[in-house]
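Engineer: Sharing a structure here in structure tokens format.
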Amino acid sequence: MRFCPGCGDHAILNSLQKAMAQLELSPSQTAVISGIGCSSRMPHYLSTYGFNTIHGRGAAIASGLKTSNPALSVWLMTGDGDCLAIGGNHFIHCLRRNVDLNIVLFNNRIYGLTKGQYSPTSPKGFVSKSSPFGTVERPFRPAELVMGARGTFFARTLDVDLQNTVECLVAAARHKGAAVVECLVNCVIFNNGAHNYIADREQRADHMITLRHGEKMIFGKNNDKGLVLDGFNLKVATIGENGITEADILVHDAHCADDTIHRKLALMEGPDMPVAVGVIRDVEEETYDEAVNRQIAEVQSNSKVHCFDQLALTAEHWEI
């Protein structure tokens with residue numbers, strides 16, 4: 001493997017292999033598609049069909065593959081640059097159409113393969129080789145794009161949190177529709193410590209909340225903190241203080257069609273709020289590939305044209 005020693009991509013690859021084994025996916029019925037970037041090396045390291053496409057075009061190729069062969073389990077490996085910069089248009093339309101793909105979005109907030117330029121998710125003020133005085137741009141927040149494009153599934157995981165990563169990848173594969181798993185990964189060479197706020201083992205319990213459908217939104221080293229509503233906003237409350245009991249803590253509903261709470265959960269950030277990981281949104285909608293193939297079958301069943309000669313005769317024609 002060509003990942004640098006210590007790269008977070010190693011952990012995601014490990015988790016992906018475990019998830020595929022748990023799902024009992026047949027390599028002959030699985031395809032891994034990618035664009036360009038460190039994460040896009042993935043097709044080379046999995047014993048499945050694979051296609052390493054050009055920069056930003058993985059979503060287009062994956063959409064065509066899934067639509068033409070719906071029986072395949074299709075995975076798209078992409079990075080914050082590949083997916084959200086040159087590939088941004090393909091990404092949002094893939095979500096809007098709800099193509100049944102498993103999209104694994106590696107987010108290290110840097111262009112790693114091309115040696116350290118800032119990416120669409122780099123924080124404002126970030127100093128890099130292409131922004132020596134600090135970028136003046138506001139970053140994309142992947143969850144916001146997913147919700148804005150009417151995405152039906154969004155999960156987030158951290159490279160060093162292997163158990164949650166496997167759970168999220170398995171849930172994405174079982175979801176019918178475009179499933180996005182944002183993987184927060186560390187680039188040890190060009191952006192080391194990008195996610196230290198939650199990656200640091202000593203702080204993780206207080207800075208990160210793992211969401212699971214149907215469970216109370218509780219976190220903290222002592223499991224004594226939780227999320228409550230404060231008007232229209234989310235707020236951290238300590239159980240046992242100011243009359244707060246466990247009954248007051250919100251229960252996570254990943255299946256709610258309205259994405260208002262999902263959006264608020266996905267956009268939480270420090271220092272006042274924990275970063276949410278786990279499956280944040282998981283709702284059912286008709287998939288693009290199902291709709292297209294059903295339409296084709298309906299047209300074929302009602303058509304009087306069954307061969308090319310008949311098709312040719314439906315156009316204007318004459319004898320000479």
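Going by the structure tokens order, chains are called A, B, ..., each with residues numbered from 1, while ligands are numbered from 1 in the order shown.
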Can you list every residue in region 134-288 of chain A that DSSP puts in strand (DSSP E or B), as a PyMOL selection string?

Structural biologist: chain A and resi 153-158+179-184+187+191+208-211+216+218-219+225-230+233-238+251+275-282

Engineer: Applying 7 Å and only C-alpha atoms, which residues near Leu72 (chain A) remain after dropping the ones on its own chain fewer than 4 positions away? List them as a list in words.

Structural biologist: Gln29, Thr30, Ala31 and Lys66 of chain A

Engineer: To test your reading of the structure, identify every residue in region 232-264 of chain A that backbone DSSP assigns to alpha helix (DSSP H), and report it as a ChimeraX atom specification.

Structural biologist: /A:260-264

Engineer: Keeping N, CA and C atoms, export the residues of the selection given above as a PDB file, in the first residue's frame.

Structural biologist:
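Final output, result.pdb:
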```
ATOM      1  N   THR A 260     -34.348  18.766  10.073  1.00  0.00           N
ATOM      2  CA  THR A 260     -33.983  19.920  10.903  1.00  0.00           C
ATOM      3  C   THR A 260     -33.037  19.527  12.038  1.00  0.00           C
ATOM      4  N   ILE A 261     -33.415  18.520  12.820  1.00  0.00           N
ATOM      5  CA  ILE A 261     -32.568  18.098  13.937  1.00  0.00           C
ATOM      6  C   ILE A 261     -31.300  17.424  13.425  1.00  0.00           C
ATOM      7  N   HIS A 262     -31.414  16.640  12.362  1.00  0.00           N
ATOM      8  CA  HIS A 262     -30.230  15.988  11.780  1.00  0.00           C
ATOM      9  C   HIS A 262     -29.187  17.021  11.377  1.00  0.00           C
ATOM     10  N   ARG A 263     -29.656  18.101  10.772  1.00  0.00           N
ATOM     11  CA  ARG A 263     -28.741  19.158  10.345  1.00  0.00           C
ATOM     12  C   ARG A 263     -28.063  19.806  11.556  1.00  0.00           C
ATOM     13  N   LYS A 264     -28.839  20.072  12.599  1.00  0.00           N
ATOM     14  CA  LYS A 264     -28.274  20.684  13.800  1.00  0.00           C
ATOM     15  C   LYS A 264     -27.241  19.766  14.452  1.00  0.00           C
TER      16      LYS A 264
END
```

Engineer: Skipping near chain neighbours, those fewer than 3 positions away, what residues fall within 8 Å of region 145-162 of chain A using only C-alpha atoms, listed as a PyMOL selection string?

Structural biologist: chain A and resi 8-9+11-12+15+92-93+95-96+98+140-142+165-166+168+172+175+177-186+199+259+263+276-285

Engineer: Let me make sure I understand: among A:Ala205, A:Asp248, A:Asn242, A:Arg294, which one has the smallest atom-to-atom distance to Gly226 (chain A) if we use only C-alpha atoms?

Structural biologist: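 Ranking A:Ala205, A:Asp248, A:Asn242, A:Arg294 by distance to Gly226 (chain A), first place goes to A:Asp248.
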
Engineer: Excluding same-chain residues fewer than 2 positions from Ala19 (chain A), what lies within 7 Å of it counting only C-alpha atoms, as an MDAnalysis selection string?

Structural biologist: chainID A and resid 15:17 21:23 166 169:170

Engineer: Write out as a PDB file with N, CA and C atoms, in the first residue's frame each polymer residue whose atoms come within 10 Å of Gly87 (chain A), counting only C-alpha atoms; drop sequence neighbours fewer than 2 positions from it.

Structural biologist:
```
ATOM      1  N   GLY A  35     -11.944   8.492  -7.673  1.00  0.00           N
ATOM      2  CA  GLY A  35     -11.444   9.556  -8.529  1.00  0.00           C
ATOM      3  C   GLY A  35      -9.934   9.636  -8.417  1.00  0.00           C
ATOM      4  N   ILE A  54     -10.939   9.539 -13.370  1.00  0.00           N
ATOM      5  CA  ILE A  54     -10.232  10.816 -13.357  1.00  0.00           C
ATOM      6  C   ILE A  54     -10.777  11.708 -12.247  1.00  0.00           C
ATOM      7  N   HIS A  55     -10.112  12.828 -12.028  1.00  0.00           N
ATOM      8  CA  HIS A  55     -10.386  13.683 -10.873  1.00  0.00           C
ATOM      9  C   HIS A  55     -11.839  14.163 -10.828  1.00  0.00           C
ATOM     10  N   GLY A  56     -12.512  13.812  -9.734  1.00  0.00           N
ATOM     11  CA  GLY A  56     -13.858  14.307  -9.484  1.00  0.00           C
ATOM     12  C   GLY A  56     -14.970  13.580 -10.197  1.00  0.00           C
ATOM     13  N   ARG A  57     -14.636  12.600 -11.032  1.00  0.00           N
ATOM     14  CA  ARG A  57     -15.666  11.964 -11.860  1.00  0.00           C
ATOM     15  C   ARG A  57     -16.123  10.605 -11.340  1.00  0.00           C
ATOM     16  N   GLY A  58     -15.641  10.223 -10.167  1.00  0.00           N
ATOM     17  CA  GLY A  58     -16.023   8.926  -9.632  1.00  0.00           C
ATOM     18  C   GLY A  58     -17.524   8.766  -9.467  1.00  0.00           C
ATOM     19  N   ALA A  59     -18.212   9.808  -9.015  1.00  0.00           N
ATOM     20  CA  ALA A  59     -19.658   9.729  -8.787  1.00  0.00           C
ATOM     21  C   ALA A  59     -20.415   9.491 -10.083  1.00  0.00           C
ATOM     22  N   ALA A  60     -19.951  10.085 -11.171  1.00  0.00           N
ATOM     23  CA  ALA A  60     -20.616   9.900 -12.462  1.00  0.00           C
ATOM     24  C   ALA A  60     -20.465   8.462 -12.948  1.00  0.00           C
ATOM     25  N   THR A  78     -13.754   8.648  -2.164  1.00  0.00           N
ATOM     26  CA  THR A  78     -13.461  10.003  -2.601  1.00  0.00           C
ATOM     27  C   THR A  78     -12.925  10.834  -1.436  1.00  0.00           C
ATOM     28  N   GLY A  79     -12.269  11.938  -1.746  1.00  0.00           N
ATOM     29  CA  GLY A  79     -11.701  12.801  -0.714  1.00  0.00           C
ATOM     30  C   GLY A  79     -12.352  14.167  -0.714  1.00  0.00           C
ATOM     31  N   ASP A  80     -12.001  14.999   0.267  1.00  0.00           N
ATOM     32  CA  ASP A  80     -12.621  16.319   0.364  1.00  0.00           C
ATOM     33  C   ASP A  80     -12.312  17.196  -0.843  1.00  0.00           C
ATOM     34  N   GLY A  81     -11.159  16.999  -1.480  1.00  0.00           N
ATOM     35  CA  GLY A  81     -10.853  17.754  -2.695  1.00  0.00           C
ATOM     36  C   GLY A  81     -11.527  17.153  -3.901  1.00  0.00           C
ATOM     37  N   ASP A  82     -11.327  15.860  -4.119  1.00  0.00           N
ATOM     38  CA  ASP A  82     -11.897  15.134  -5.245  1.00  0.00           C
ATOM     39  C   ASP A  82     -13.411  15.272  -5.287  1.00  0.00           C
ATOM     40  N   CYS A  83     -14.066  15.174  -4.138  1.00  0.00           N
ATOM     41  CA  CYS A  83     -15.523  15.152  -4.063  1.00  0.00           C
ATOM     42  C   CYS A  83     -16.149  16.542  -4.053  1.00  0.00           C
ATOM     43  N   LEU A  84     -15.561  17.460  -3.300  1.00  0.00           N
ATOM     44  CA  LEU A  84     -16.233  18.733  -3.034  1.00  0.00           C
ATOM     45  C   LEU A  84     -15.720  19.895  -3.876  1.00  0.00           C
ATOM     46  N   ALA A  85     -14.613  19.702  -4.596  1.00  0.00           N
ATOM     47  CA  ALA A  85     -14.101  20.761  -5.475  1.00  0.00           C
ATOM     48  C   ALA A  85     -14.481  20.414  -6.910  1.00  0.00           C
ATOM     49  N   ASN A  89     -20.242  19.055  -8.377  1.00  0.00           N
ATOM     50  CA  ASN A  89     -21.509  19.012  -9.103  1.00  0.00           C
ATOM     51  C   ASN A  89     -22.024  17.581  -9.230  1.00  0.00           C
ATOM     52  N   HIS A  90     -21.120  16.642  -9.535  1.00  0.00           N
ATOM     53  CA  HIS A  90     -21.530  15.238  -9.611  1.00  0.00           C
ATOM     54  C   HIS A  90     -22.041  14.757  -8.252  1.00  0.00           C
ATOM     55  N   PHE A  91     -21.385  15.198  -7.187  1.00  0.00           N
ATOM     56  CA  PHE A  91     -21.738  14.764  -5.836  1.00  0.00           C
ATOM     57  C   PHE A  91     -23.163  15.165  -5.469  1.00  0.00           C
ATOM     58  N   ILE A  92     -23.501  16.440  -5.629  1.00  0.00           N
ATOM     59  CA  ILE A  92     -24.821  16.895  -5.195  1.00  0.00           C
ATOM     60  C   ILE A  92     -25.930  16.296  -6.053  1.00  0.00           C
TER      61      ILE A  92
END
```

Engineer: By how many Å are CA of Glu167 (chain A) and CA of Arg212 (chain A) apart?

Structural biologist: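 Atom-to-atom, CA of Glu167 (chain A) to CA of Arg212 (chain A), that is 10.0 Å.
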
Engineer: Just the residues within 10 Å of Asp289 (chain A), please, counting only C-alpha atoms, with nothing from its chain fewer than 2 positions along; format it as a list of chain:residue names.

Structural biologist: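 Counting only the stated atoms, we get A:Ser63, A:Gly64, A:Leu65, A:Lys66, A:Thr67, A:Ser68, A:Asn69, A:Pro70, A:Arg97, A:Asn98, A:Val99, A:Asp100, A:Leu101, A:Gly177, A:Glu286, A:Thr287, A:Ala291, A:Val292, A:Asn293, A:Arg294, A:Gln295.
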
Engineer: Store the residues picked out above, limited to C-alpha atoms, as a short mmCIF file (atom, residue, chain, number, x, y, z; two decimals), in the first residue's frame.

Structural biologist:
```
data_model
loop_
_atom_site.label_atom_id
_atom_site.label_comp_id
_atom_site.auth_asym_id
_atom_site.auth_seq_id
_atom_site.Cartn_x
_atom_site.Cartn_y
_atom_site.Cartn_z
CA SER A 63 -23.94 6.25 -10.98
CA GLY A 64 -23.77 4.80 -14.48
CA LEU A 65 -22.50 1.47 -13.20
CA LYS A 66 -25.20 1.11 -10.53
CA THR A 67 -27.98 2.14 -12.92
CA SER A 68 -26.87 -0.30 -15.62
CA ASN A 69 -26.27 -3.15 -13.15
CA PRO A 70 -28.45 -2.61 -10.04
CA ARG A 97 -31.17 11.58 -7.60
CA ASN A 98 -30.65 9.20 -4.66
CA VAL A 99 -28.52 6.73 -6.60
CA ASP A 100 -28.00 3.60 -4.49
CA LEU A 101 -24.28 4.12 -3.82
CA GLY A 177 -30.11 5.14 -1.68
CA GLU A 286 -37.19 5.86 -3.97
CA THR A 287 -33.79 5.27 -5.56
CA ALA A 291 -37.00 4.24 -10.85
CA VAL A 292 -35.04 4.20 -14.13
CA ASN A 293 -35.15 0.44 -14.53
CA ARG A 294 -38.84 0.29 -13.63
CA GLN A 295 -39.55 2.96 -16.24
#
```

Engineer: Of the candidates A:Val74, A:Leu46, A:Leu105, A:Val275, which one gets nearest to Thr121 (chain A) if we count only C-alpha atoms?

Structural biologist: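 Under the stated criterion, the closest residue is A:Leu105.
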
Engineer: With a distance cut-off of 9 Å and only C-alpha atoms, select the neighbouring residues of His252 (chain A), excluding the residue or stretch itself and same-chain residues fewer than 6 positions from it, and output the selection as a PDB file with C-alpha atoms, in the first residue's frame.

Structural biologist:
```pdb
ATOM      1  CA  LEU A 211     -25.335   8.766  17.977  1.00  0.00           C
ATOM      2  CA  ARG A 212     -27.399   5.594  17.616  1.00  0.00           C
ATOM      3  CA  HIS A 213     -31.014   5.487  16.526  1.00  0.00           C
ATOM      4  CA  GLY A 214     -33.446   5.082  19.407  1.00  0.00           C
ATOM      5  CA  GLU A 215     -30.870   5.833  22.092  1.00  0.00           C
ATOM      6  CA  LYS A 216     -30.511   8.836  24.399  1.00  0.00           C
ATOM      7  CA  MET A 217     -27.983  11.433  23.214  1.00  0.00           C
ATOM      8  CA  ILE A 280     -27.075  10.882  11.874  1.00  0.00           C
TER       9      ILE A 280
END
```

Engineer: Please produce, as a tab-separated table, a per-residue contact table for region 17-49 of chain A versus region 2-6 of chain A (criterion: any atom at most 12 Å away, only C-alpha atoms considered), showing the nearest atom pair and its distance in Å to one decimal, sorted by chain then residue number.

Structural biologist:
```
residue	atom	partner	partner_atom	distance
A:Gly37	CA	A:Phe3	CA	10.8
A:Cys38	CA	A:Phe3	CA	7.1
A:Ser39	CA	A:Phe3	CA	8.8
A:Ser40	CA	A:Phe3	CA	10.8
A:Arg41	CA	A:Arg2	CA	8.0
A:Met42	CA	A:Phe3	CA	9.9
A:His44	CA	A:Arg2	CA	10.0
A:Tyr45	CA	A:Arg2	CA	9.7
```
